[in-house]
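S.K.: Pasting a structure here, questions to come.
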There are 2 protein chains.
Amino acid sequence: MPSNPRHDVLFEPISIGPKVARNRFWQPPQCNGAGTESPGFNAQHRGMKAEGGFGVVFTELIDIAPECACDPYVLPDLWDDDDVLNLRLATDAIHAGGALAGAELGYYKVTGGNPMSRKAAFGVTQTNSDWVTVQHGASHKQFEAEDVDEIVRIHADAVRRSIAAGYDLVSLQMAHAATIAIRSLMRYYNKRTDEYGGSFENRIRLTRQILTGMREAADGKVALGCRFHVNTLDFPFGLGPDGITREEGYATLEALDDLVDFWDLTVGGGAWGEDAGSSRTHRENHQAEYIRGVKDHTTKPVANVGRFTNPDTMVDAIRSNQCDFIAMARPSISDPFLPKKIDEGRLEDIRECIGCNICASTWERGVRIVCTQNATAGEEFRRGWHPELFTRATNSEQSVLVVGAGPAGMECARVLGERGMANVHLVDAGDDLGGSLRWISKLPGRGEWGRVIDYRKIQLGKLKNVQVILKTTMTAQDVLEYGADLVVIATGSSWDAEGVSWYSQSPLPLTDEARARVLTPEDIMVKEVTPGQRVVLFDADNYYMGHGLAEKLAKAGHSVTMVTESDTIASFTAFTLEHPRVLADLRNAGVEMIVRAEVSEVGDGRMTLAHGINGEERVLDFDSLVVVSQRWSNNALYQELRRMPDALASNEVSGLYLIGDAEAPALIADAVFSGHRLAREIDSPNPAEPLPFIRERRVVGRGDEAYKLPAR
Amino acid sequence: MPSNPRHDVLFEPISIGPKVARNRFWQPPQCNGAGTESPGFNAQHRGMKAEGGFGVVFTELIDIAPECACDPYVLPDLWDDDDVLNLRLATDAIHAGGALAGAELGYYKVTGGNPMSRKAAFGVTQTNSDWVTVQHGASHKQFEAEDVDEIVRIHADAVRRSIAAGYDLVSLQMAHAATIAIRSLMRYYNKRTDEYGGSFENRIRLTRQILTGMREAADGKVALGCRFHVNTLDFPFGLGPDGITREEGYATLEALDDLVDFWDLTVGGGAWGEDAGSSRTHRENHQAEYIRGVKDHTTKPVANVGRFTNPDTMVDAIRSNQCDFIAMARPSISDPFLPKKIDEGRLEDIRECIGCNICASTWERGVRIVCTQNATAGEEFRRGWHPELFTRATNSEQSVLVVGAGPAGMECARVLGERGMANVHLVDAGDDLGGSLRWISKLPGRGEWGRVIDYRKIQLGKLKNVQVILKTTMTAQDVLEYGADLVVIATGSSWDAEGVSWYSQSPLPLTDEARARVLTPEDIMVKEVTPGQRVVLFDADNYYMGHGLAEKLAKAGHSVTMVTESDTIASFTAFTLEHPRVLADLRNAGVEMIVRAEVSEVGDGRMTLAHGINGEERVLDFDSLVVVSQRWSNNALYQELRRMPDALASNEVSGLYLIGDAEAPALIADAVFSGHRLAREIDSPNPAEPLPFIRERRVVGRGDEAYKLPAR
């Protein structure tokens, strides 16, 4: 029982059909890029959450038939006995941690062009399902009444395979408008006129048939449920009146309640940005207004997501009868040990999700999961990293100087501290920890990103072997004379002022007069320079910095025109699911956007460009030109030290390392990883060079022995 | 020696450093989506080309260090001994076919965000390398003089591993501006001011150091060469004066000639659309004008691509001293047996590449290779398909009626014929073979797509057991009474006239007056309806049909406005590498393009929409509205027959199958595949259901036995 009795309710066991969850912590289906191709990765990533105290741990949406393959996107498959073997590894790991294992099954919409199986997939109509499908040149075959038996059989077979794979819970995916089971229910997709279209009764027919088949196959051995978007929200970010309205959501719960043992609820449809809303726009428990009241329409336990990280909010959700389980996807990636830390009353140790949605971006990009806060996410198996356990470094008698206390430096010092290094000094020129993140988190809507600093500040404070030294600028001489055995340079990066872009690989054609009007992000955010009234913002970065500054300046009364060489503004935010709201916010703030621009001249207060798909000429007058193009590593200190091998030796500095943006500017998640990685391997033969990791793939002539880490 | 002595020269053995190629047929590095993850796939795909007569078979660009991983894109890796095991399978297969095996090695630019290894990669500068990198939030670390030893070592290690993997030829990748070796040479990327930047001598320094290290590692055991884009072309489709100009190309050949044994040449830089130019814009041997003359600047054998399919063009290229080897990537995918067919004088059997670049699109989409002409490409290992060999069907005593002679029907009939079915009747309502491809190939620039028809027409003509019956429309009754044992329906698809799109899942809001002005692609291309002067073309398909019709109509004097809901016009053509030229051609033809459109009203000759990233209102007046949105399967005949099980039984029709667009409208490659697949499995227990294929991935607890097809 938790040390704070107010949190007791979170640790009550709850029955789900024939199973009992040990508590109310629920990891809903969550993608991680493992698929069934990387069974060890999947198993350890899931098992970690069970070890961390979750009562229920799902894998992720499993596509149940070869025609549902969605490459280049990554989902696990459940088509054959080998898939069962691979998923069994995950359920074993989940069980070893004391949790129930859940499988979410779906007959997935056509998402890629399906070069994997090249078999046509059923759809509720033949329509291209979405932009992604169009991009792959594919469409569905409309199911006919004669096809229903086959569709039901595919679902039932998947239930039987799930049981063989050791799952306890099985849910039918009816979320994100992603499967035939949910699309057939939604007027938005279902335009049929036969007995499977039209009235609610007709539209829910297929879903009931599928669930009935699944229930039969479940045979009381697993709990059967639905993951269901109970409300697909209004326009413009939802699907409007032809989606799942509040009324249809309730009606669906009632119509299917006899067939299920639980409901795993979410909101938003089509895209998933209103479900996994980023912290820029969506607060903790943001789905409450749509979820509250559902329990009047079901007799079964309800789980509900909403980027919960605060146990008090969780308790409120339970006490208010909003839900029975607290479902956490992103927070469980950021901190798999969240339940245990609540249990033990170590709330300050919770590594809270910052809602940046880099994790979501990895699915959208078809790659392995990455987390800004938790550098061990996805590394549990292949590098053997545990988020909470650290081995004592074999060279722990050494002292380490870390120069720069941004995300990379803080994380490196923290992990070095955890690994018992004799003495870690984290030195920064600023008057507080955090580096560039201190001001980045002041951009509109990015406040929660400050949790990257907060968590590390608290942890560093707990580590007796780590000392933080602020307001101290280090020269090479200072470093040499510091007395440290090892030196880590984490001095970050600075924004370019010349407009060098990926597009031309060249600076903007700035005259001297133009150059005098240039401001960088740091000029505005750190030096607090106020730009002139008319601002042109040139964005070749296309992530959060450009649109954040534009919004900030527009709201401060400037007239702002954003110019980008790309086809759209803030393109990376499409991967983080933020794009529709970013564009809407920019429009609402009165920012004019100019895409596909080719800048030909930038003179004194005037930019000439061709733009748009038709290449129209345009002249923009500006008082200030804000340039968001490219970051350059602040690596001068490192390069200087590196070129003094004799001085390093004579000062007994035996290791000099470069991490984070100072090595190569990238995502904040990459900076944190870089610091973590170095500290984890500080006692390896060559810490600058990452140790090999396990690569899960077929290796000719080898079996399971190919997937083991050497003893370290 | 070939049956036509004019082609003798193509079959001369040629020395390459310490190796001898048996002839002049060269498969240059070519991506197929196998990576080192699917060694069986790679081996059989490459081995097939050796078996088909190629003298040299490369695998594809191999990334030589973990930091070069480019997921979600797929390249083979050469980082460790397991990679050597996996690539060995390919060299063994290539050797078994009598060819030399070539490895192209590259220290790849940062292309994805590298979540695979999460290690920072060296670049010539720190700049984001391209749009793809920006899209993944990553950048390089600029190499310093102190880093060169490490860079050279990485290349040398890769050469040693290539030798261990059994390769005969190793080339350094210096093409597509893809690697540090080529980027450091190019002013376009190299803005350095140290001894590695500025003068040609400085810029080529790193490349020479790398090649010197590789040469040492090669130790005379393999031939060492360069794959080099000898000319990166002028603006707007090339890189202009800061790229590799003709002069710098020659200078590079001369400067590195002492270090290499061969040159594998190409043109174009940055993107690869000017190298692997589609047939819309690039003819056979289109690189000749840039390649002719290079042999004055090198003493080493030269290979040169250019989508060669005609042996006479090949002979001319050799005789004119343009090159020594005929390099064929796409043509070798389309027909791995091209050399053998020339040798045997079976020119009419050559399955000529149509230059559609669907193969290239699969790399760009991060998926397995697909070929329109050769349905067996990528299926050699996992389904056991050989492009030229067919087993006699176990039910070959049966007769088959194939209704519809489009790509799916033709291919199905051809393969059924090859498999010895007693009697195959291919029936079509039209007056010639080809289905929709007959008119699709009349779109501007799509003439070579007609080769899909030509090849099959010739092959069908050779098959005595296949009869083609034209100008015959089949009703259900006709089919029942036809006397066939098996019936295959391949009746294609028709374009929607309502503007149903992926975006809204709904038709355009057409009034009746507007509907009277709607024309579909068939109206224009088949019925030859002449639209009114002012044409609005609504494109929700975003591949070739919309832009093809727009260009055709604009050139015929119509005023054409293209409207799409997407961020850009003809987005799929970005994958086929055609996008820059498509847009330029549309601009040149005077087509106005409107992107990101939300159509609110379509009345009598008037469309109202909001468009662009700023959502501006616009009213368009039109005489005709051409709608390119969605295709619907022509499956009425199939559905009708399917609902007459008794009639089928009493007429002794034991199998009824649906293939191609009639099942689900997709790419032409998918239609061909669909017909091929059914014919290959016509004697399986349930031909409607594809047989399982080998899935190469780790399977827990299993070794190589997991990657074998059952005896069939």
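Starting from 1 in every chain, residues are counted up; chains themselves are A, B, ... following the order of the structure tokens, and ligands are numbered from 1 as listed.
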Distance cut-off 7 Å, counting only C-alpha atoms - which residues of chain A neighbour chain B? Return them as a PyMOL selection string.
M.R.: chain A and resi 37-38+71-72+82+85-86+115-116+120+126-131+134-135+137-141+188-189+365-368+502-503+505+541+567-568+572+587+592-593+613-614+632+663-667+696-704
S.K.: List the spatial neighbours of A:Leu577 as a ChimeraX atom specification - criterion: any atom at most 8 Å away, only C-alpha atoms, same-chain residues fewer than 2 positions off excluded.
M.R.: /A:271-273,276-278,357,360-361,573-575,579-580
S.K.: Could you name the residues that touch stretch 516-532 of chain B at 9 Å or less, counting only C-alpha atoms, but leaving out those on the same chain fewer than 6 positions away, as JSON, numbers by chain?
M.R.: {"B": [436, 439, 440, 442, 443, 494, 495, 496, 497, 498, 545, 546, 549, 553, 558, 604, 605, 622, 623, 624, 625, 626, 627, 628]}
S.K.: For the residues in that selection, give me N, CA, C and O atoms as a compact mmCIF listing (two decimals), in the first residue's frame.
M.R.:
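Saved as again-v3.txt:
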# COMPACT_ATOMS: atom_id res chain seq x y z
N SER B 436 -7.08 -0.57 -69.59
CA SER B 436 -6.93 0.87 -69.40
C SER B 436 -5.54 1.37 -69.79
O SER B 436 -5.35 2.54 -70.10
N TRP B 439 -5.03 3.42 -73.05
CA TRP B 439 -5.16 4.88 -73.12
C TRP B 439 -4.26 5.60 -72.12
O TRP B 439 -3.83 6.71 -72.36
N ILE B 440 -3.95 4.93 -71.02
CA ILE B 440 -3.02 5.55 -70.07
C ILE B 440 -1.67 5.83 -70.76
O ILE B 440 -1.05 6.88 -70.56
N LYS B 442 -1.19 6.75 -73.55
CA LYS B 442 -1.28 7.89 -74.47
C LYS B 442 -1.19 9.22 -73.74
O LYS B 442 -1.19 10.28 -74.38
N LEU B 443 -1.12 9.18 -72.43
CA LEU B 443 -0.89 10.43 -71.69
C LEU B 443 0.51 10.95 -72.02
O LEU B 443 1.40 10.15 -72.35
N SER B 494 -13.02 1.91 -62.86
CA SER B 494 -13.41 3.14 -63.57
C SER B 494 -13.27 4.33 -62.64
O SER B 494 -13.49 4.22 -61.43
N TRP B 495 -12.94 5.46 -63.22
CA TRP B 495 -12.77 6.66 -62.41
C TRP B 495 -14.11 7.19 -61.94
O TRP B 495 -15.08 7.24 -62.69
N ASP B 496 -14.13 7.56 -60.71
CA ASP B 496 -15.27 8.18 -60.05
C ASP B 496 -15.58 9.53 -60.69
O ASP B 496 -14.68 10.26 -61.10
N ALA B 497 -16.86 9.86 -60.74
CA ALA B 497 -17.27 11.14 -61.34
C ALA B 497 -17.77 12.12 -60.30
O ALA B 497 -18.23 13.21 -60.64
N GLU B 498 -17.67 11.74 -59.03
CA GLU B 498 -18.27 12.57 -57.98
C GLU B 498 -17.22 13.31 -57.16
O GLU B 498 -17.56 14.13 -56.30
N MET B 545 -2.20 10.60 -63.26
CA MET B 545 -3.37 10.89 -64.07
C MET B 545 -3.70 12.40 -64.10
O MET B 545 -3.95 12.98 -65.16
N GLY B 546 -3.68 13.01 -62.95
CA GLY B 546 -4.05 14.42 -62.87
C GLY B 546 -3.12 15.31 -63.66
O GLY B 546 -3.54 16.08 -64.52
N LEU B 549 -3.26 14.64 -67.54
CA LEU B 549 -4.41 15.26 -68.22
C LEU B 549 -4.25 16.78 -68.26
O LEU B 549 -4.57 17.41 -69.28
N LEU B 553 -4.29 18.80 -71.73
CA LEU B 553 -5.33 19.79 -72.04
C LEU B 553 -4.71 21.18 -72.22
O LEU B 553 -5.12 21.93 -73.11
N HIS B 558 -6.36 24.57 -73.80
CA HIS B 558 -7.30 24.89 -72.73
C HIS B 558 -6.60 25.70 -71.64
O HIS B 558 -5.40 25.55 -71.42
N ASP B 604 -22.91 25.81 -61.12
CA ASP B 604 -22.90 25.78 -62.58
C ASP B 604 -21.72 26.59 -63.10
O ASP B 604 -21.82 27.81 -63.28
N GLY B 605 -20.63 25.94 -63.35
CA GLY B 605 -19.47 26.63 -63.90
C GLY B 605 -18.69 27.45 -62.89
O GLY B 605 -17.88 28.30 -63.27
N PHE B 622 -15.39 27.81 -64.55
CA PHE B 622 -14.96 26.76 -65.48
C PHE B 622 -16.07 26.41 -66.46
O PHE B 622 -17.25 26.59 -66.18
N ASP B 623 -15.61 25.90 -67.60
CA ASP B 623 -16.57 25.32 -68.54
C ASP B 623 -16.70 23.83 -68.29
O ASP B 623 -17.78 23.27 -68.39
N SER B 624 -15.56 23.22 -67.96
CA SER B 624 -15.58 21.78 -67.64
C SER B 624 -14.82 21.53 -66.35
O SER B 624 -13.82 22.19 -66.08
N LEU B 625 -15.33 20.55 -65.61
CA LEU B 625 -14.66 20.15 -64.37
C LEU B 625 -14.18 18.72 -64.55
O LEU B 625 -14.98 17.79 -64.67
N VAL B 626 -12.86 18.58 -64.60
CA VAL B 626 -12.30 17.24 -64.75
C VAL B 626 -12.01 16.71 -63.35
O VAL B 626 -11.32 17.36 -62.56
N VAL B 627 -12.54 15.54 -63.05
CA VAL B 627 -12.43 14.98 -61.72
C VAL B 627 -11.51 13.74 -61.76
O VAL B 627 -11.81 12.78 -62.46
N VAL B 628 -10.40 13.82 -61.03
CA VAL B 628 -9.44 12.71 -60.94
C VAL B 628 -9.32 12.39 -59.46
O VAL B 628 -8.47 12.90 -58.76
S.K.: When you draw a straight line from atom CA of A:Gln398 to atom CA of A:Ala375, how long is it in Å?
M.R.: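 Taking atom CA of A:Gln398 as the start and atom CA of A:Ala375 as the end point, the length is 23.8 Å.
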S.K.: Extract the full set of strand (DSSP E) residues from stretch 583-671 of chain A according to DSSP on the backbone, and format it as a ChimeraX atom specification.
M.R.: /A:592-594,598-603,606-611,616-621,624-628,631-633,655-658
S.K.: Can you pull out the residues contacting stretch 296-301 of chain A? Cut-off 6 Å, using only C-alpha atoms, and skip same-chain residues under 2 positions away; I want them as a PDB file with N, CA, C and O atoms, in the first residue's frame.
M.R.:
ATOM      1  N   GLU A 254     -23.468   0.985 -25.153  1.00  0.00           N
ATOM      2  CA  GLU A 254     -24.641   0.193 -24.760  1.00  0.00           C
ATOM      3  C   GLU A 254     -24.858  -0.993 -25.686  1.00  0.00           C
ATOM      4  O   GLU A 254     -25.196  -2.096 -25.248  1.00  0.00           O
ATOM      5  N   ASP A 261     -15.662  -7.240 -21.764  1.00  0.00           N
ATOM      6  CA  ASP A 261     -15.353  -7.249 -20.334  1.00  0.00           C
ATOM      7  C   ASP A 261     -14.756  -5.939 -19.864  1.00  0.00           C
ATOM      8  O   ASP A 261     -14.607  -5.719 -18.662  1.00  0.00           O
ATOM      9  N   PHE A 262     -14.323  -5.109 -20.817  1.00  0.00           N
ATOM     10  CA  PHE A 262     -13.751  -3.808 -20.430  1.00  0.00           C
ATOM     11  C   PHE A 262     -13.779  -2.858 -21.616  1.00  0.00           C
ATOM     12  O   PHE A 262     -13.931  -3.283 -22.762  1.00  0.00           O
ATOM     13  N   GLY A 293     -19.179  10.543 -17.557  1.00  0.00           N
ATOM     14  CA  GLY A 293     -20.542  10.185 -17.953  1.00  0.00           C
ATOM     15  C   GLY A 293     -20.624   8.845 -18.656  1.00  0.00           C
ATOM     16  O   GLY A 293     -21.681   8.225 -18.699  1.00  0.00           O
ATOM     17  N   VAL A 294     -19.520   8.369 -19.200  1.00  0.00           N
ATOM     18  CA  VAL A 294     -19.600   7.097 -19.930  1.00  0.00           C
ATOM     19  C   VAL A 294     -19.986   5.952 -19.012  1.00  0.00           C
ATOM     20  O   VAL A 294     -20.652   5.003 -19.451  1.00  0.00           O
ATOM     21  N   ASP A 324     -12.107   3.630 -14.246  1.00  0.00           N
ATOM     22  CA  ASP A 324     -11.660   2.656 -13.254  1.00  0.00           C
ATOM     23  C   ASP A 324     -10.159   2.422 -13.322  1.00  0.00           C
ATOM     24  O   ASP A 324      -9.542   1.995 -12.353  1.00  0.00           O
TER      25      ASP A 324
END
